[in-house]
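Note sheet for the following structure.
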Amino acid sequence: TWGSNTFGQLGLPEITTYLPTPAEVKSLREQHVRGFACGGWHTLACMWSGAVFSCGKGWHGQLGQGDYESLTAQSKALPYFKRIMQGFGDHRIVKVYGGIEMSGALSESGRVFTWGQGDQCQLGHDSSNNESEPRELESLSKVRIVDLAMGASHMIALDEKGVPYSWGKGANGQLGHGDLAEKERMPRPIELCRRMIRGLSGADSEVRDMEWGSFYFKKERVPLDTGEDGEEERMIEYRQKGKVIQIAADANYSLFVLERL
């Protein structure tokens, strides 16, 4: 790790300001690291064993160490990587996510855990409370989640069928539900996408708010509307199903990649 270490986010206790060149985090040398995630001023590390470690700023409980009060009282930071001991139960964690003041984890079985700042309901627990330990997102327990993404105060999840969900702050439309909702307290599936193609005349655009997929027009010969014998050429609209295969979020916006089926 390297860079600013204002809150101990590098996991190098001996560095008090910043580090301009990469340095090994020797405390994790024997842990067989699977992946990392960087938050605003905190860092998460996931091991192949399923263990999760955290360090850095913990003002809102984003370290998941269950000692929110002590971290906000004096030091307000953890300068070394410490294992998160509570909250995951028997679930094996395979990926971690870091937001500005929040954190998330995904288990091998597709379960979601969130913790940290919750003032905008961004943790998805039908509450605006902070969480100082990982807490399973029960409302998504019946679907298998394959990825998460975090904005400033909202989250996105994607299930194995390609259905995206969003929750948290939505004042700028970042939740994708077609309205500027102040908050979405729990995960809500995003059912529609807006598709646009050049109009038949080549000037105006054709716009559809539709289920995930796409639409197009094709020239075909069809029977006359008058009921008389004969056919005429007409542009027919067709729709093609699709699913979301990739998600991303930052600040107050979100991004999806759609695959046509």
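As shown in the structure tokens, the chain order sets the letters A, B, ...; within each chain, residues go from 1, and ligands are also counted from 1 in the order they appear.
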
Could you make a table, as CSV, of the residues of stretch 222-259 of chain A that have an atom within 10 Å of an atom of stretch 156-172 of chain A, each with its nearest atom pair and distance in Å to one decimal, counting only C-alpha atoms, in chain and number order?
```
residue,atom,partner,partner_atom,distance
A:Gly242,CA,A:Gly162,CA,8.3
A:Lys243,CA,A:Gly162,CA,4.7
A:Val244,CA,A:Gly162,CA,4.6
A:Ile245,CA,A:Gly162,CA,5.9
A:Gln246,CA,A:Leu158,CA,7.8
A:Ile247,CA,A:Leu158,CA,7.2
A:Ala248,CA,A:Ile156,CA,7.7
A:Ala249,CA,A:Ile156,CA,7.2
A:Asn252,CA,A:Asn172,CA,6.4
A:Tyr253,CA,A:Asn172,CA,7.6
A:Ser254,CA,A:Ile156,CA,8.1
A:Leu255,CA,A:Ile156,CA,9.6
A:Phe256,CA,A:Pro164,CA,8.7
A:Leu258,CA,A:Gly162,CA,8.8
A:Glu259,CA,A:Gly162,CA,9.1
```

Next on the checklist: If we count only C-alpha atoms and set the cut-off at 7 Å, which residues sit around stretch 102-115 of chain A, ignoring sequence neighbours fewer than 6 positions away in its own chain? Please answer as a PyMOL selection string.
Outcome noted: chain A and resi 61-62+64+91-96+123+131-137+141+144-146

Next on the checklist: Write out as number ranges by chain the set of residues from stretch 20-254 of chain A that DSSP, computed on the backbone, places in strand (DSSP E).
Outcome noted: A: 33-38, 42-47, 52-57, 77-83, 93-98, 102-107, 112-116, 131-136, 145-150, 154-159, 164-169, 183-189, 192-198, 205-211, 213-223, 231-250, 253-254

Item to check | Non-local contacts of A:Asp250 (10 Å; only C-alpha atoms; under 4 positions in same chain excluded) as number ranges by chain | outcome: A: 99-100, 149-155, 174, 254-255

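The two atoms in question, atom CA of A:Val52 and atom CA of A:Thr21, are spaced 25.2 Å apart.
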
Quick one: residues within 12 Å of A:Lys26, only C-alpha atoms, excluding same-chain residues fewer than 4 positions away - as a short mmCIF file (atom, residue, chain, number, x, y, z; two decimals) with all heavy atoms, in the first residue's frame?
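Saved file result_33.cif follows:
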```cif
data_model
loop_
_atom_site.label_atom_id
_atom_site.label_comp_id
_atom_site.auth_asym_id
_atom_site.auth_seq_id
_atom_site.Cartn_x
_atom_site.Cartn_y
_atom_site.Cartn_z
N THR A 1 0.85 -1.19 0.00
CA THR A 1 0.00 0.00 0.00
C THR A 1 0.88 1.24 0.00
O THR A 1 2.05 1.19 0.39
CB THR A 1 -0.92 0.04 1.23
OG1 THR A 1 -0.11 0.07 2.44
CG2 THR A 1 -1.85 -1.16 1.28
N LEU A 10 -3.55 2.69 5.31
CA LEU A 10 -2.56 1.87 4.63
C LEU A 10 -2.27 0.58 5.39
O LEU A 10 -1.66 -0.34 4.84
CB LEU A 10 -1.25 2.65 4.45
CG LEU A 10 -1.31 3.92 3.60
CD1 LEU A 10 0.09 4.50 3.45
CD2 LEU A 10 -1.95 3.68 2.25
N GLY A 11 -2.68 0.53 6.66
CA GLY A 11 -2.39 -0.65 7.46
C GLY A 11 -0.94 -0.75 7.86
O GLY A 11 -0.43 -1.83 8.17
N LEU A 12 -0.24 0.38 7.87
CA LEU A 12 1.18 0.45 8.22
C LEU A 12 1.33 1.38 9.43
O LEU A 12 1.46 2.60 9.26
CB LEU A 12 2.01 0.98 7.04
CG LEU A 12 1.91 0.19 5.73
CD1 LEU A 12 2.59 0.94 4.60
CD2 LEU A 12 2.51 -1.20 5.90
N PRO A 13 1.30 0.86 10.63
CA PRO A 13 1.32 1.69 11.85
C PRO A 13 2.53 2.61 11.95
O PRO A 13 2.45 3.67 12.58
CB PRO A 13 1.33 0.66 12.98
CG PRO A 13 0.80 -0.59 12.37
CD PRO A 13 1.25 -0.57 10.96
N GLU A 14 3.63 2.25 11.33
CA GLU A 14 4.84 3.05 11.44
C GLU A 14 4.81 4.31 10.58
O GLU A 14 5.63 5.22 10.74
CB GLU A 14 6.08 2.21 11.05
CG GLU A 14 6.14 1.79 9.60
CD GLU A 14 5.36 0.51 9.29
OE1 GLU A 14 4.53 0.08 10.13
OE2 GLU A 14 5.58 -0.06 8.20
N GLU A 30 1.11 -13.83 5.57
CA GLU A 30 0.76 -15.25 5.69
C GLU A 30 -0.74 -15.51 5.56
O GLU A 30 -1.21 -16.62 5.80
CB GLU A 30 1.26 -15.80 7.03
CG GLU A 30 2.74 -15.59 7.28
CD GLU A 30 3.60 -16.28 6.24
OE1 GLU A 30 3.19 -17.37 5.78
OE2 GLU A 30 4.66 -15.74 5.90
N GLN A 31 -1.51 -14.50 5.15
CA GLN A 31 -2.96 -14.62 5.17
C GLN A 31 -3.56 -15.08 3.84
O GLN A 31 -4.74 -15.34 3.76
CB GLN A 31 -3.59 -13.28 5.58
CG GLN A 31 -3.37 -12.90 7.02
CD GLN A 31 -4.06 -13.84 7.98
OE1 GLN A 31 -5.08 -14.46 7.65
NE2 GLN A 31 -3.50 -13.99 9.18
N HIS A 32 -2.80 -15.13 2.76
CA HIS A 32 -3.32 -15.55 1.44
C HIS A 32 -4.49 -14.64 1.02
O HIS A 32 -5.65 -15.04 1.00
CB HIS A 32 -3.76 -17.01 1.46
CG HIS A 32 -2.66 -17.95 1.86
ND1 HIS A 32 -1.59 -18.23 1.03
CD2 HIS A 32 -2.46 -18.65 3.00
CE1 HIS A 32 -0.78 -19.09 1.64
NE2 HIS A 32 -1.27 -19.36 2.84
N VAL A 33 -4.14 -13.43 0.72
CA VAL A 33 -5.13 -12.39 0.38
C VAL A 33 -5.85 -12.72 -0.93
O VAL A 33 -5.22 -13.07 -1.93
CB VAL A 33 -4.45 -11.02 0.26
CG1 VAL A 33 -5.45 -9.95 -0.15
CG2 VAL A 33 -3.80 -10.65 1.59
N TYR A 80 -3.77 -0.53 11.81
CA TYR A 80 -3.27 -1.83 11.36
C TYR A 80 -4.46 -2.71 11.00
O TYR A 80 -5.59 -2.48 11.44
CB TYR A 80 -2.44 -2.50 12.45
CG TYR A 80 -3.20 -2.70 13.75
CD1 TYR A 80 -3.92 -3.88 13.99
CD2 TYR A 80 -3.21 -1.72 14.73
CE1 TYR A 80 -4.63 -4.06 15.17
CE2 TYR A 80 -3.92 -1.89 15.92
CZ TYR A 80 -4.63 -3.05 16.14
OH TYR A 80 -5.34 -3.22 17.29
N PHE A 81 -4.23 -3.72 10.17
CA PHE A 81 -5.30 -4.61 9.76
C PHE A 81 -5.69 -5.54 10.91
O PHE A 81 -4.86 -6.23 11.48
CB PHE A 81 -4.87 -5.44 8.54
CG PHE A 81 -4.99 -4.71 7.25
CD1 PHE A 81 -3.87 -4.10 6.68
CD2 PHE A 81 -6.21 -4.61 6.60
CE1 PHE A 81 -3.98 -3.42 5.48
CE2 PHE A 81 -6.33 -3.92 5.40
CZ PHE A 81 -5.22 -3.33 4.84
#
```

Next on the checklist: Going by DSSP on the backbone, which residues of stretch 31-235 of chain A come out as helix (DSSP H, G or I)? List them as a ChimeraX atom specification.
Outcome noted: /A:68-73,138-140

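In this structure, atom CA of A:Phe7 sits 27.7 Å away from atom CA of A:Asp147.
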
Item to check | Shell around A:Ala37 at 7 Å using only C-alpha atoms, local window under 5 positions removed, as a PyMOL selection string | outcome: chain A and resi 43-45+96-98

Write the residues of the selection above to a file with N, CA and C atoms, as a PDB file, in the first residue's frame.
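Once written, part-v9.pdb looks like this:
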```pdb
ATOM      1  N   THR A  43      -9.735   0.659   4.629  1.00  0.00           N
ATOM      2  CA  THR A  43      -9.390  -0.405   3.698  1.00  0.00           C
ATOM      3  C   THR A  43      -9.899  -1.738   4.229  1.00  0.00           C
ATOM      4  N   LEU A  44     -10.378  -2.568   3.318  1.00  0.00           N
ATOM      5  CA  LEU A  44     -10.860  -3.904   3.657  1.00  0.00           C
ATOM      6  C   LEU A  44     -10.055  -4.933   2.879  1.00  0.00           C
ATOM      7  N   ALA A  45      -9.797  -6.058   3.512  1.00  0.00           N
ATOM      8  CA  ALA A  45      -9.077  -7.141   2.844  1.00  0.00           C
ATOM      9  C   ALA A  45      -9.802  -8.452   3.093  1.00  0.00           C
ATOM     10  N   VAL A  96     -15.132  -8.058  -0.960  1.00  0.00           N
ATOM     11  CA  VAL A  96     -15.447  -6.928  -0.080  1.00  0.00           C
ATOM     12  C   VAL A  96     -15.550  -5.655  -0.902  1.00  0.00           C
ATOM     13  N   TYR A  97     -16.290  -4.661  -0.366  1.00  0.00           N
ATOM     14  CA  TYR A  97     -16.544  -3.409  -1.066  1.00  0.00           C
ATOM     15  C   TYR A  97     -16.399  -2.253  -0.085  1.00  0.00           C
ATOM     16  N   GLY A  98     -15.775  -1.168  -0.523  1.00  0.00           N
ATOM     17  CA  GLY A  98     -15.601  -0.010   0.329  1.00  0.00           C
ATOM     18  C   GLY A  98     -16.247   1.233  -0.261  1.00  0.00           C
TER      19      GLY A  98
END
```

Next on the checklist: Could you check the closest approach to A:Ser128 for each of A:Asp229, A:Glu206, A:Glu211, A:Glu184 and tell me which residue wins, using only C-alpha atoms?
Outcome noted: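 Ranked by minimum distance to A:Ser128, first place goes to A:Glu184.
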
Next on the checklist: Just want the 7 Å neighbourhood of A:Gly56, counted on only C-alpha atoms, with same-chain residues fewer than 5 positions away dropped. Output as an MDAnalysis selection string.
Outcome noted: chainID A and resid 7:9 41:43 77:79

Write out the residues from the selection above, keeping N, CA, C and O atoms, as a PDB file, in the first residue's frame.
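Heads up, here's the output in out.pdb:
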```pdb
ATOM      1  N   PHE A   7      -5.590   8.352   8.394  1.00  0.00           N
ATOM      2  CA  PHE A   7      -6.400   7.602   9.351  1.00  0.00           C
ATOM      3  C   PHE A   7      -5.928   6.154   9.503  1.00  0.00           C
ATOM      4  O   PHE A   7      -6.659   5.313  10.003  1.00  0.00           O
ATOM      5  N   GLY A   8      -4.720   5.860   9.062  1.00  0.00           N
ATOM      6  CA  GLY A   8      -4.204   4.500   9.182  1.00  0.00           C
ATOM      7  C   GLY A   8      -4.697   3.560   8.112  1.00  0.00           C
ATOM      8  O   GLY A   8      -4.592   2.335   8.239  1.00  0.00           O
ATOM      9  N   GLN A   9      -5.221   4.107   6.996  1.00  0.00           N
ATOM     10  CA  GLN A   9      -5.841   3.277   5.957  1.00  0.00           C
ATOM     11  C   GLN A   9      -4.846   2.431   5.172  1.00  0.00           C
ATOM     12  O   GLN A   9      -5.249   1.520   4.440  1.00  0.00           O
ATOM     13  N   TRP A  41     -11.585   6.499   3.622  1.00  0.00           N
ATOM     14  CA  TRP A  41     -10.354   6.536   4.417  1.00  0.00           C
ATOM     15  C   TRP A  41     -10.192   5.234   5.193  1.00  0.00           C
ATOM     16  O   TRP A  41      -9.646   5.219   6.281  1.00  0.00           O
ATOM     17  N   HIS A  42     -10.689   4.146   4.642  1.00  0.00           N
ATOM     18  CA  HIS A  42     -10.520   2.851   5.280  1.00  0.00           C
ATOM     19  C   HIS A  42     -10.291   1.784   4.209  1.00  0.00           C
ATOM     20  O   HIS A  42     -10.581   2.001   3.023  1.00  0.00           O
ATOM     21  N   THR A  43      -9.735   0.659   4.629  1.00  0.00           N
ATOM     22  CA  THR A  43      -9.390  -0.405   3.698  1.00  0.00           C
ATOM     23  C   THR A  43      -9.899  -1.738   4.229  1.00  0.00           C
ATOM     24  O   THR A  43      -9.879  -1.990   5.432  1.00  0.00           O
ATOM     25  N   ALA A  77      -9.473   5.842  14.698  1.00  0.00           N
ATOM     26  CA  ALA A  77      -8.819   5.152  13.600  1.00  0.00           C
ATOM     27  C   ALA A  77      -8.146   3.882  14.094  1.00  0.00           C
ATOM     28  O   ALA A  77      -7.819   3.741  15.264  1.00  0.00           O
ATOM     29  N   LEU A  78      -7.961   2.958  13.152  1.00  0.00           N
ATOM     30  CA  LEU A  78      -7.272   1.699  13.428  1.00  0.00           C
ATOM     31  C   LEU A  78      -6.104   1.619  12.441  1.00  0.00           C
ATOM     32  O   LEU A  78      -6.315   1.432  11.252  1.00  0.00           O
ATOM     33  N   PRO A  79      -4.855   1.781  12.897  1.00  0.00           N
ATOM     34  CA  PRO A  79      -3.715   1.902  11.985  1.00  0.00           C
ATOM     35  C   PRO A  79      -3.145   0.583  11.484  1.00  0.00           C
ATOM     36  O   PRO A  79      -2.138   0.578  10.790  1.00  0.00           O
TER      37      PRO A  79
END
```

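Considering the residues A:Leu28, A:Phe215, A:Asn130, A:Glu101 and counting only C-alpha atoms, A:Lys82 has its shortest atom-to-atom contact with A:Leu28.
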
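Counting only C-alpha atoms and comparing A:Asp126, A:Asp67, A:Glu220, A:Asp179, the residue that lies closest to A:Glu237 is A:Glu220.
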
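Closest approach to A:Arg239 from the set A:Lys218, A:Lys183, A:Arg83, A:Lys142 is made by A:Lys218, with distances taken over only C-alpha atoms.
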
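Closest approach to A:Glu182 among A:Gln122, A:Gln65, A:Ser139, A:Ser4 is made by A:Gln122 (distances from only C-alpha atoms).
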
Checklist entry - What is the atom CA of A:Thr6 to atom CA of A:Gly39 distance in Å? => result 13.3 Å
